[in-house]
There are 6 protein chains.
Amino acid sequence: MPYVNIKITDEVVTAEQKAALIKGATDLLVEVLGKNPATTVVVIDEVNTDNWGIGGEVVTKLRAK
Amino acid sequence: MPYVNIKITDEVVTAEQKAALIKGATDLLVEVLGKNPATTVVVIDEVNTDNWGIGGEVVTKLRAK
Amino acid sequence: MPYVNIKITDEVVTAEQKAALIKGATDLLVEVLGKNPATTVVVIDEVNTDNWGIGGEVVTKLRAK
Amino acid sequence: MPYVNIKITDEVVTAEQKAALIKGATDLLVEVLGKNPATTVVVIDEVNTDNWGIGGEVVTKLRAK
Amino acid sequence: MPYVNIKITDEVVTAEQKAALIKGATDLLVEVLGKNPATTVVVIDEVNTDNWGIGGEVVTKLRAK
Amino acid sequence: MPYVNIKITDEVVTAEQKAALIKGATDLLVEVLGKNPATTVVVIDEVNTDNWGIGGEVVTKLRAK
């Protein structure tokens, strides 16, 4: 029944990588807490680098440095 | 003042259905808790089926089965 | 498979009211979008009134007015 | 280490405005709580006006009034 | 720079299990997407079983069955 | 109408500091985007240091170093 939300920047993430994140996060909950995978939900949010900041700076600018 | 976030897969959801979700969720908070609808916020996130997993599997693949 | 998150202030919400919110939000997704209730998740967050603001003011102070 | 999520409607928000939100939110955490800006993350979600409701009404309709 | 939020019910989760979730989720982002672990944030929310529903039912009741 | 969620560790945050965060975040949205403060919502989540990780490590352990 756990719910996992993964937020990442939208910098070429393939369907295979998304599948690996979903599988990996589900397995983690099963291994560590014995959760039921059938009701474990994983949602990936891809965020434009203009919309993500760290250290007070926009990621788009950090990437350009 | 409640805030409701509804996350669903982006599989042809019409503007009418979104309006019904917003109306329904607001009414629910008013009926059950007596909340003020004027400051009740509802946000719907539509998530690509590649980005949603359940049971360790990507929804895109589950839909194709 | 939808995920619904309801954020409300923690001002005496009973278990019956929480059950009604969970039932109501699940029914809403079934009725409007034909979603499968078995994998519809609802999570209620109760937030201290010191931690909730609207109009730039803390709810604790608004309630005291 | 704080994480700030700003949800707004997607009504012509420029890259400069996003940068100002990221800078301003980071500065706020530094000033008020003495947080380390280097690990302060800000994520802006732009939400379609069809997907945002207040007072039980869709913002798209409120804007058209 | 990813942000991972794990929501689980608050049913005796030890500090060791939480550490394993944090380590595992961080490793997953490093392995699958080559993300920098130094700025990867993981936040675990423990939710009372009265506040979590699935299939329209409160988890507290499901656990009692 | 914006919604701002601030997640911080629960390390002695006073009511005055919370009020300053709520006021500051609301002012930011008004100044940068001209948003209406009356419907701007700010929610602060205080997270136990056992439940927050960065760099694959639990904050509780980082604080003890």
# chains A, B, ... in the order shown; residues from 1 in each chain; ligands from 1
$ select_by_dssp --residues "stretch 9-61 of chain C" --states "alpha helix (DSSP H)" --output "PDB file with C-alpha atoms, in the first residue's frame"
ATOM      1  CA  ALA C  15     -12.409   8.437  12.600  1.00  0.00           C
ATOM      2  CA  GLU C  16     -15.934   8.368  11.167  1.00  0.00           C
ATOM      3  CA  GLN C  17     -15.312  11.587   9.253  1.00  0.00           C
ATOM      4  CA  LYS C  18     -12.022  10.239   7.914  1.00  0.00           C
ATOM      5  CA  ALA C  19     -13.789   7.062   6.795  1.00  0.00           C
ATOM      6  CA  ALA C  20     -16.410   9.205   5.044  1.00  0.00           C
ATOM      7  CA  LEU C  21     -13.711  11.208   3.229  1.00  0.00           C
ATOM      8  CA  ILE C  22     -11.974   8.007   2.099  1.00  0.00           C
ATOM      9  CA  LYS C  23     -15.244   6.431   0.952  1.00  0.00           C
ATOM     10  CA  GLY C  24     -16.418   9.607  -0.745  1.00  0.00           C
ATOM     11  CA  ALA C  25     -13.179  10.300  -2.614  1.00  0.00           C
ATOM     12  CA  THR C  26     -12.985   6.701  -3.804  1.00  0.00           C
ATOM     13  CA  ASP C  27     -16.610   6.729  -4.984  1.00  0.00           C
ATOM     14  CA  LEU C  28     -15.956  10.001  -6.819  1.00  0.00           C
ATOM     15  CA  LEU C  29     -13.145   8.463  -8.863  1.00  0.00           C
ATOM     16  CA  VAL C  30     -15.271   5.413  -9.640  1.00  0.00           C
ATOM     17  CA  GLU C  31     -18.282   7.456 -10.696  1.00  0.00           C
ATOM     18  CA  VAL C  32     -16.549  10.160 -12.730  1.00  0.00           C
ATOM     19  CA  LEU C  33     -13.732   8.178 -14.333  1.00  0.00           C
ATOM     20  CA  VAL C  59      -4.725  29.757  10.716  1.00  0.00           C
ATOM     21  CA  THR C  60      -4.207  29.668  14.487  1.00  0.00           C
ATOM     22  CA  LYS C  61      -4.487  33.451  14.505  1.00  0.00           C
TER      23      LYS C  61
END
$ interface_residues --of "chain C" --to "chain A" --cutoff "12 Å" --atoms "only C-alpha atoms" --output "NGL selection string"
:C and (1-5 or 37-43)
$ atom_distance --atom1 "atom CA of E:Asn51" --atom2 "atom CA of C:Glu11"
14.2 Å
$ select_by_dssp --residues "chain B" --states "strand (DSSP E or B)" --output "JSON, numbers by chain"
{"B": [3, 4, 5, 6, 7, 8, 9, 41, 42, 43, 44, 45, 46, 47, 52, 53, 54, 57, 58]}
$ write_last_selection --atoms "N, CA and C atoms" --output "short mmCIF file (atom, residue, chain, number, x, y, z; two decimals), in the first residue's frame"
data_model
loop_
_atom_site.label_atom_id
_atom_site.label_comp_id
_atom_site.auth_asym_id
_atom_site.auth_seq_id
_atom_site.Cartn_x
_atom_site.Cartn_y
_atom_site.Cartn_z
N TYR B 3 -6.97 21.36 0.97
CA TYR B 3 -6.29 21.22 -0.31
C TYR B 3 -6.37 19.75 -0.71
N VAL B 4 -6.91 19.51 -1.88
CA VAL B 4 -7.06 18.14 -2.37
C VAL B 4 -6.26 17.98 -3.65
N ASN B 5 -5.44 16.95 -3.69
CA ASN B 5 -4.66 16.66 -4.89
C ASN B 5 -5.06 15.27 -5.40
N ILE B 6 -5.50 15.26 -6.65
CA ILE B 6 -5.94 14.00 -7.27
C ILE B 6 -4.95 13.65 -8.37
N LYS B 7 -4.31 12.52 -8.25
CA LYS B 7 -3.37 12.08 -9.28
C LYS B 7 -3.99 10.92 -10.05
N ILE B 8 -4.06 11.08 -11.37
CA ILE B 8 -4.62 10.04 -12.23
C ILE B 8 -3.74 9.90 -13.47
N THR B 9 -3.89 8.80 -14.16
CA THR B 9 -3.17 8.64 -15.41
C THR B 9 -3.83 9.50 -16.49
N VAL B 41 -9.31 24.13 -2.32
CA VAL B 41 -8.55 24.05 -3.57
C VAL B 41 -8.43 22.58 -4.00
N VAL B 42 -8.66 22.32 -5.27
CA VAL B 42 -8.48 20.98 -5.81
C VAL B 42 -7.53 21.06 -7.00
N VAL B 43 -6.49 20.25 -6.99
CA VAL B 43 -5.54 20.22 -8.10
C VAL B 43 -5.46 18.79 -8.65
N ILE B 44 -5.66 18.68 -9.96
CA ILE B 44 -5.61 17.36 -10.61
C ILE B 44 -4.29 17.24 -11.37
N ASP B 45 -3.53 16.19 -11.07
CA ASP B 45 -2.30 15.91 -11.83
C ASP B 45 -2.56 14.73 -12.75
N GLU B 46 -2.33 14.96 -14.04
CA GLU B 46 -2.44 13.85 -15.00
C GLU B 46 -1.03 13.33 -15.28
N VAL B 47 -0.84 12.06 -15.06
CA VAL B 47 0.49 11.47 -15.13
C VAL B 47 0.55 10.50 -16.32
N TRP B 52 3.81 5.90 -14.25
CA TRP B 52 3.00 5.38 -13.15
C TRP B 52 3.21 3.87 -13.07
N GLY B 53 3.51 3.40 -11.88
CA GLY B 53 3.69 1.97 -11.69
C GLY B 53 2.85 1.44 -10.56
N ILE B 54 2.45 0.19 -10.70
CA ILE B 54 1.77 -0.52 -9.61
C ILE B 54 2.19 -1.99 -9.70
N GLU B 57 5.17 -2.80 -11.93
CA GLU B 57 5.08 -2.74 -13.40
C GLU B 57 4.56 -1.37 -13.86
N VAL B 58 5.05 -0.98 -15.03
CA VAL B 58 4.62 0.28 -15.61
C VAL B 58 3.19 0.12 -16.15
#
$ atom_distance --atom1 "atom CA of C:Thr14" --atom2 "atom CA of C:Asn48"
15.4 Å
$ atom_distance --atom1 "atom CA of B:Asp50" --atom2 "atom CA of E:Gly34"
19.6 Å
